[in-house]
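**Student:** If you scroll down you'll find the structure; I have some questions about it.
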Amino acid sequence: MTGPDHPFAALLAEYVAECLPLAEEVVEQSLTLERAWRDGQQADDLFRPLKGTLHTIKGNSAMMGLTGLQTLAHRLEDLWGVLADEPASRDAGAALFVRGTGLLADLVRATASGPPPEGAATDYLEEVGAFLVSDRGAREAAREERRSPDRRTADRRNPTASGEIGADGAVATIRVDSRRLDALLESFGEAMIAHAGLGEAMRQLNVRRRSTAEMAQLERAMLGLDRTLKRLEGALMETRLLPIATVFSRFTRLVRDVAHSEGKQVRLEVAGGETRLDKTVIDRVGEPLVHLITNAVIHGIERPDERLARGKAAEAVITLRAVQRSDRVILTVTDDGRGLDPEGILRKARAIGQAPAVETPSLAEIYALAFLPGLSTSEQVSHLSGRGVGLDVVANSIRALSGNLSVGSEPGRGTTFSLRLPLTVAVLRSLLVEVSCERYALPLADVAETVRVHPEALHQVARQGMMTWRGEVIPVMDGGLLLGGGAAQSRRYCVVLRSAARHRGLLVDSLLGHHEVVVKALDPSLGRPPAVAAATILGDGRVACILDTGRLADGWVEPVATAAS
Amino acid sequence: MNPGTFLVVDDSKLHHQMYQLIFSRGELAGSTLLHAYDGRAGYELFMAHPELTVVFLDLNMPVMNGLEFLHRRQAERLHPQVPVVLVTTESTAEDEARGLEAGAWGYLCKPFAPEQLLALVGRASSRLSQRIARP
């Protein structure tokens with residue numbers, strides 16, 4: 001791989017500038033080809049030039065020492081050879097080819113921020129290998145492979161290099177084992193907790209003795225430490241950010257596979273792949289996205305004939321988009337399928353006794369019900385989606401990342417799932433509150449406002465607390481009832497929580513201010529208390545729960561004790 | 001090895017930049033580099049420059065590929081003293097034979113290291129100076 005010692009390392013940007021349009025052209029043409037073949041056309045005029053383009057990409061990758069890309073381009077050429085020689089292989093081979101070109105383009109694109117990791121295409125290469133071997137033309141291709149000098153070079157140049165050279169010839173980037181970054185983060189977390197402890201001790205000290213010169217000096221030192229830790233945090237988080245494209249790249253293939261086995265025509269469009277997220281989030285968001293996309297193809301999208309009958313294009317489009325909004329990243333999965341069925345959802349919710357308390361629930365409220373366990377609207381069970389992978393499972397894994405999931409839909413027009421994710425999961429800006437002498441942390445991103453409670457603003461409607469807030473009537477929950485501290489007559493503050501769809505108030509005794517808290521995962525043996533997302537250690541060494549504000553705001557958490565009003 | 005005049009015929013801009021990088025260093029720094037992005041344009045430059053030290057000719061190109069370039073040059077007996085190096089990504093023994101038959105002086109297989117290219121230039125220019133020295 002292109003390392004600092006590679007003679008052409010300085011030309012990496014030029015490589016991407018030249019090869020990305022070529023790779024995108026290959027993707028475009030292979031898709032057109034696949035359609036043409038499906039319609040029984042030969043399309044040779046389109047097919048022949050493809051080989052030349054692949055060959056150029058291979059040559060350029062080889063020169064840059066990008067052996068992974070070189071091998072992938074080479075295998076695509078092999079595959080091209082089989083498709084060219086044996087039209088009978090096109091039924092199965094075309095899809096494989098299309099997927100490979102997509103992967104090629106993704107990897108070339110990713111090279112802009114450094115050579116793609118080794119083995120990025122391993123799965124695909126194995127698949128192509130199997131396909132070629134199972135095919136007659138394969139033996140020839142395999143022979144070709146053996147005598148190809150590219151392969152020998154690839155082995156000889158087994159890369160150990162781990163950096164990139166900048167314009168001035170100094171090492172500009174270094175590749176580091178991600179476990180080292182995790183260890184660094186862990187130590188940083190400890191430092192944050194120690195810092196909070198120091199701050200708490202100082203506060204105590206300050207209360208007892210009035211300010212002295214030493215105290216002032218200590219405070220200045222503390223302020224300096226504050227700033228340094230802030231900068232350190234920013235720098236540390238920055239090292240952990242990766243473009244989401246690394247996850248997106250697998251979905252082209254997924255969509256093609258699922259659509260193929262479902263007899264549907266679906267195209268995946270991707271936007272915002274350059275949006276960056278913490279490595280931990282990237283690692284863990286893949287699975288939920290797989291479920292959402294699979295569900296969209298299987299349940300959301302209609303069969304081609306049905307689509308045509310509704311005046312839609314036979315080919316459906318699923319759009320995967322990422323945008324950053326302050327310290328959150330929003331991922332959306334949008335399909336142009338049939339949309340959710342509000343009546344169906346409501347019927348099912350009633351059947352399992354989970355209908356909303358309100359007489360005429362809003363569409364948003366109905367759609368939110370889709371995330372309840374056991375409320376999959378699909379009647380079918382498909383081998384790909386398993387048991388139709390409940391949305392509750394997806395929502396749970398997003399919540400485990402301190403994110404939340406919401407859905408919007410327009411009957412007949414399509415459905416959009418939105419995932420709001422934190423940029424990072426290690427340190428959380430939160431609001432500390434006290435309820436019945438216990439402290440809790442609320443992620444600041446989910447706090448709309450804190451207000452002083454005026455008893456006359458609180459109402460009881462159908463045993464549900466309500467409050468007028470900014471001209472809107474919102475449900476309020478008593479923190480004590482919710483968290484097990486028992487009801488209290490007079491909580492002084494209300495924290496207005498927001499989720500994508502709604503606002504909800506949480507009554508608390510006091511507000512303790514904004515803090516950066518280090519997120520500690522809960523021991524799985526504890527189970528997951530419904531209102532709690534994780535825990536943290538406060539400055540005085542006490543453990544505080546980080547509340548699952550998304551869940552609270554959506555009203556999924558039942559009070560621990562029944563209201564004794 | 002002294003700086004000289006080199007013609008690069010390749011449809012990849014990236015490759016032109018690579019040649020530029022190689023020829024900007026060491027003994028060959030100060031060489032003149034001529035650039036063509038397809039075989040036909042390359043051939044026109046080739047016609048106009050009998051003083052070329054070495055031609056680097058890509059095999060796969062639009063308009064006129066490397067082999068077509070060589071065949072035409074063979075037919076027209078144009079500048080036989082100029083060594084033409086055929087550059088390819090793949091080379092089998094047959095490929096190589098076909099290139100040499102068409103009058104290629106040498107073969108360079110991608111990926112190549114700058115040293116390989118320089119060694120080839122060294123060999124080509126010593127051959128050239130021998131020729132010139134011979135009355």
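Chain identifiers are assigned as A, B, and so on, following the order in which chains appear in the structure tokens; residues are numbered from 1 within each chain, and ligands are numbered from 1 in order of appearance.
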DSSP on the backbone, then: every residue of chain B marked strand (DSSP E), written as a list in words.
**Tutor:**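 Output for chain B, strand (DSSP E) only: Thr5, Phe6, Leu7, Val8, Val9, Thr32, Leu33, Leu34, His35, Ala36, Val54, Val55, Phe56, Leu57, Asp58, Val84, Val85, Leu86, Val87, Thr88, Gly106, Tyr107, Leu108 and Cys109 of chain B.
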**Student:** So that I have them on file, write out the residues from the current selection with C-alpha atoms, as a tab-separated table (two decimals), in the first residue's frame.
**Tutor:**
```
chain	number	residue	atom	x	y	z
B	5	THR	CA	14.49	14.74	-24.14
B	6	PHE	CA	11.79	12.18	-23.39
B	7	LEU	CA	8.38	11.63	-24.91
B	8	VAL	CA	5.65	10.16	-22.73
B	9	VAL	CA	2.64	8.80	-24.58
B	32	THR	CA	12.81	17.90	-21.28
B	33	LEU	CA	9.57	15.95	-21.10
B	34	LEU	CA	7.11	15.95	-24.00
B	35	HIS	CA	3.58	14.80	-23.29
B	36	ALA	CA	0.95	13.16	-25.47
B	54	VAL	CA	13.67	7.60	-25.17
B	55	VAL	CA	9.95	7.29	-25.90
B	56	PHE	CA	7.68	5.78	-23.23
B	57	LEU	CA	4.69	4.37	-25.01
B	58	ASP	CA	1.63	3.03	-23.20
B	84	VAL	CA	10.80	3.18	-27.82
B	85	VAL	CA	9.88	1.52	-24.53
B	86	LEU	CA	6.47	-0.13	-24.45
B	87	VAL	CA	4.72	0.27	-21.10
B	88	THR	CA	1.99	-2.20	-20.08
B	106	GLY	CA	12.35	-2.30	-24.40
B	107	TYR	CA	9.54	-3.29	-22.14
B	108	LEU	CA	8.40	-1.76	-18.90
B	109	CYS	CA	5.76	-3.48	-16.85
```
**Student:** Determine which residues of chain B receive a DSSP assignment of alpha helix (DSSP H), computed from the backbone, and state them as a PyMOL selection string.
**Tutor:** chain B and resi 13-23+39-48+66-76+93-101+114-133
**Student:** Might you pull out every residue within 9 Å of Gly30 of chain B, with only C-alpha atoms counted and same-chain residues fewer than 3 positions away left off, and present them as a short mmCIF file (atom, residue, chain, number, x, y, z; two decimals) with N, CA and C atoms, in the first residue's frame?
**Tutor:**
```
data_model
loop_
_atom_site.label_atom_id
_atom_site.label_comp_id
_atom_site.auth_asym_id
_atom_site.auth_seq_id
_atom_site.Cartn_x
_atom_site.Cartn_y
_atom_site.Cartn_z
N PRO B 3 20.85 14.47 -18.66
CA PRO B 3 19.48 14.84 -19.00
C PRO B 3 19.26 14.72 -20.51
N GLY B 4 18.07 14.45 -20.91
CA GLY B 4 17.78 14.31 -22.33
C GLY B 4 16.38 14.79 -22.62
N PHE B 23 11.66 12.28 -13.37
CA PHE B 23 12.65 13.05 -14.15
C PHE B 23 13.01 14.38 -13.49
N SER B 24 12.41 14.64 -12.31
CA SER B 24 12.74 15.90 -11.66
C SER B 24 13.89 15.72 -10.66
N ARG B 25 14.34 14.47 -10.51
CA ARG B 25 15.34 14.19 -9.48
C ARG B 25 16.60 13.57 -10.09
N GLU B 27 20.22 12.42 -11.56
CA GLU B 27 21.03 12.77 -12.73
C GLU B 27 20.20 13.30 -13.88
#
```
**Student:** Please compute the atom CA of Leu363 of chain A-atom CA of Ile345 of chain A distance, one decimal, in Å.
**Tutor:**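 Distance between the two atoms: 10.5 Å.
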**Student:** Please, which residues of chain A lie no more than 6 Å from chain B when the count uses only C-alpha atoms, and can they be set out as a list in words?
**Tutor:**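 Listing them in order of chain and number gives Gly59, Ala62 and Met63 of chain A.
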**Student:** Using the selection just defined, write its residues with N, CA and C atoms as a short mmCIF file (atom, residue, chain, number, x, y, z; two decimals), in the first residue's frame.
**Tutor:**
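Generated output (selection17.cif):
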```cif
data_model
loop_
_atom_site.label_atom_id
_atom_site.label_comp_id
_atom_site.auth_asym_id
_atom_site.auth_seq_id
_atom_site.Cartn_x
_atom_site.Cartn_y
_atom_site.Cartn_z
N GLY A 59 -3.87 -0.52 -13.69
CA GLY A 59 -2.50 -0.03 -13.89
C GLY A 59 -2.16 1.10 -12.95
N ALA A 62 -1.78 -0.15 -9.43
CA ALA A 62 -0.53 -0.88 -9.29
C ALA A 62 0.63 0.09 -9.13
N MET A 63 0.64 1.14 -9.95
CA MET A 63 1.73 2.10 -9.88
C MET A 63 1.77 2.80 -8.52
#
```
**Student:** Counting only C-alpha atoms, what is within 12 Å of Arg77 of chain B, bar same-chain residues fewer than 6 positions away, as a PyMOL selection string?
**Tutor:** chain B and resi 47+69-71+102-103
**Student:** Using only C-alpha atoms, can you tell me which of A:Ala94, A:Leu372, A:Ala235, A:Ile301 comes closest to Gly412 of chain A?
**Tutor:**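 Closest to Gly412 of chain A of all the choices is A:Ile301.
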**Student:** To one decimal place in Å, what is the distance between atom CA of Tyr493 of chain A and atom CA of Glu365 of chain A?
**Tutor:**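 Separating atom CA of Tyr493 of chain A from atom CA of Glu365 of chain A is a distance of 26.2 Å.
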**Student:** What separation in Å, quoted to one decimal, exists between atom CA of Ser261 of chain A and atom CA of Thr334 of chain A?
**Tutor:**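 Atom CA of Thr334 of chain A lies at a distance of 20.5 Å from atom CA of Ser261 of chain A.
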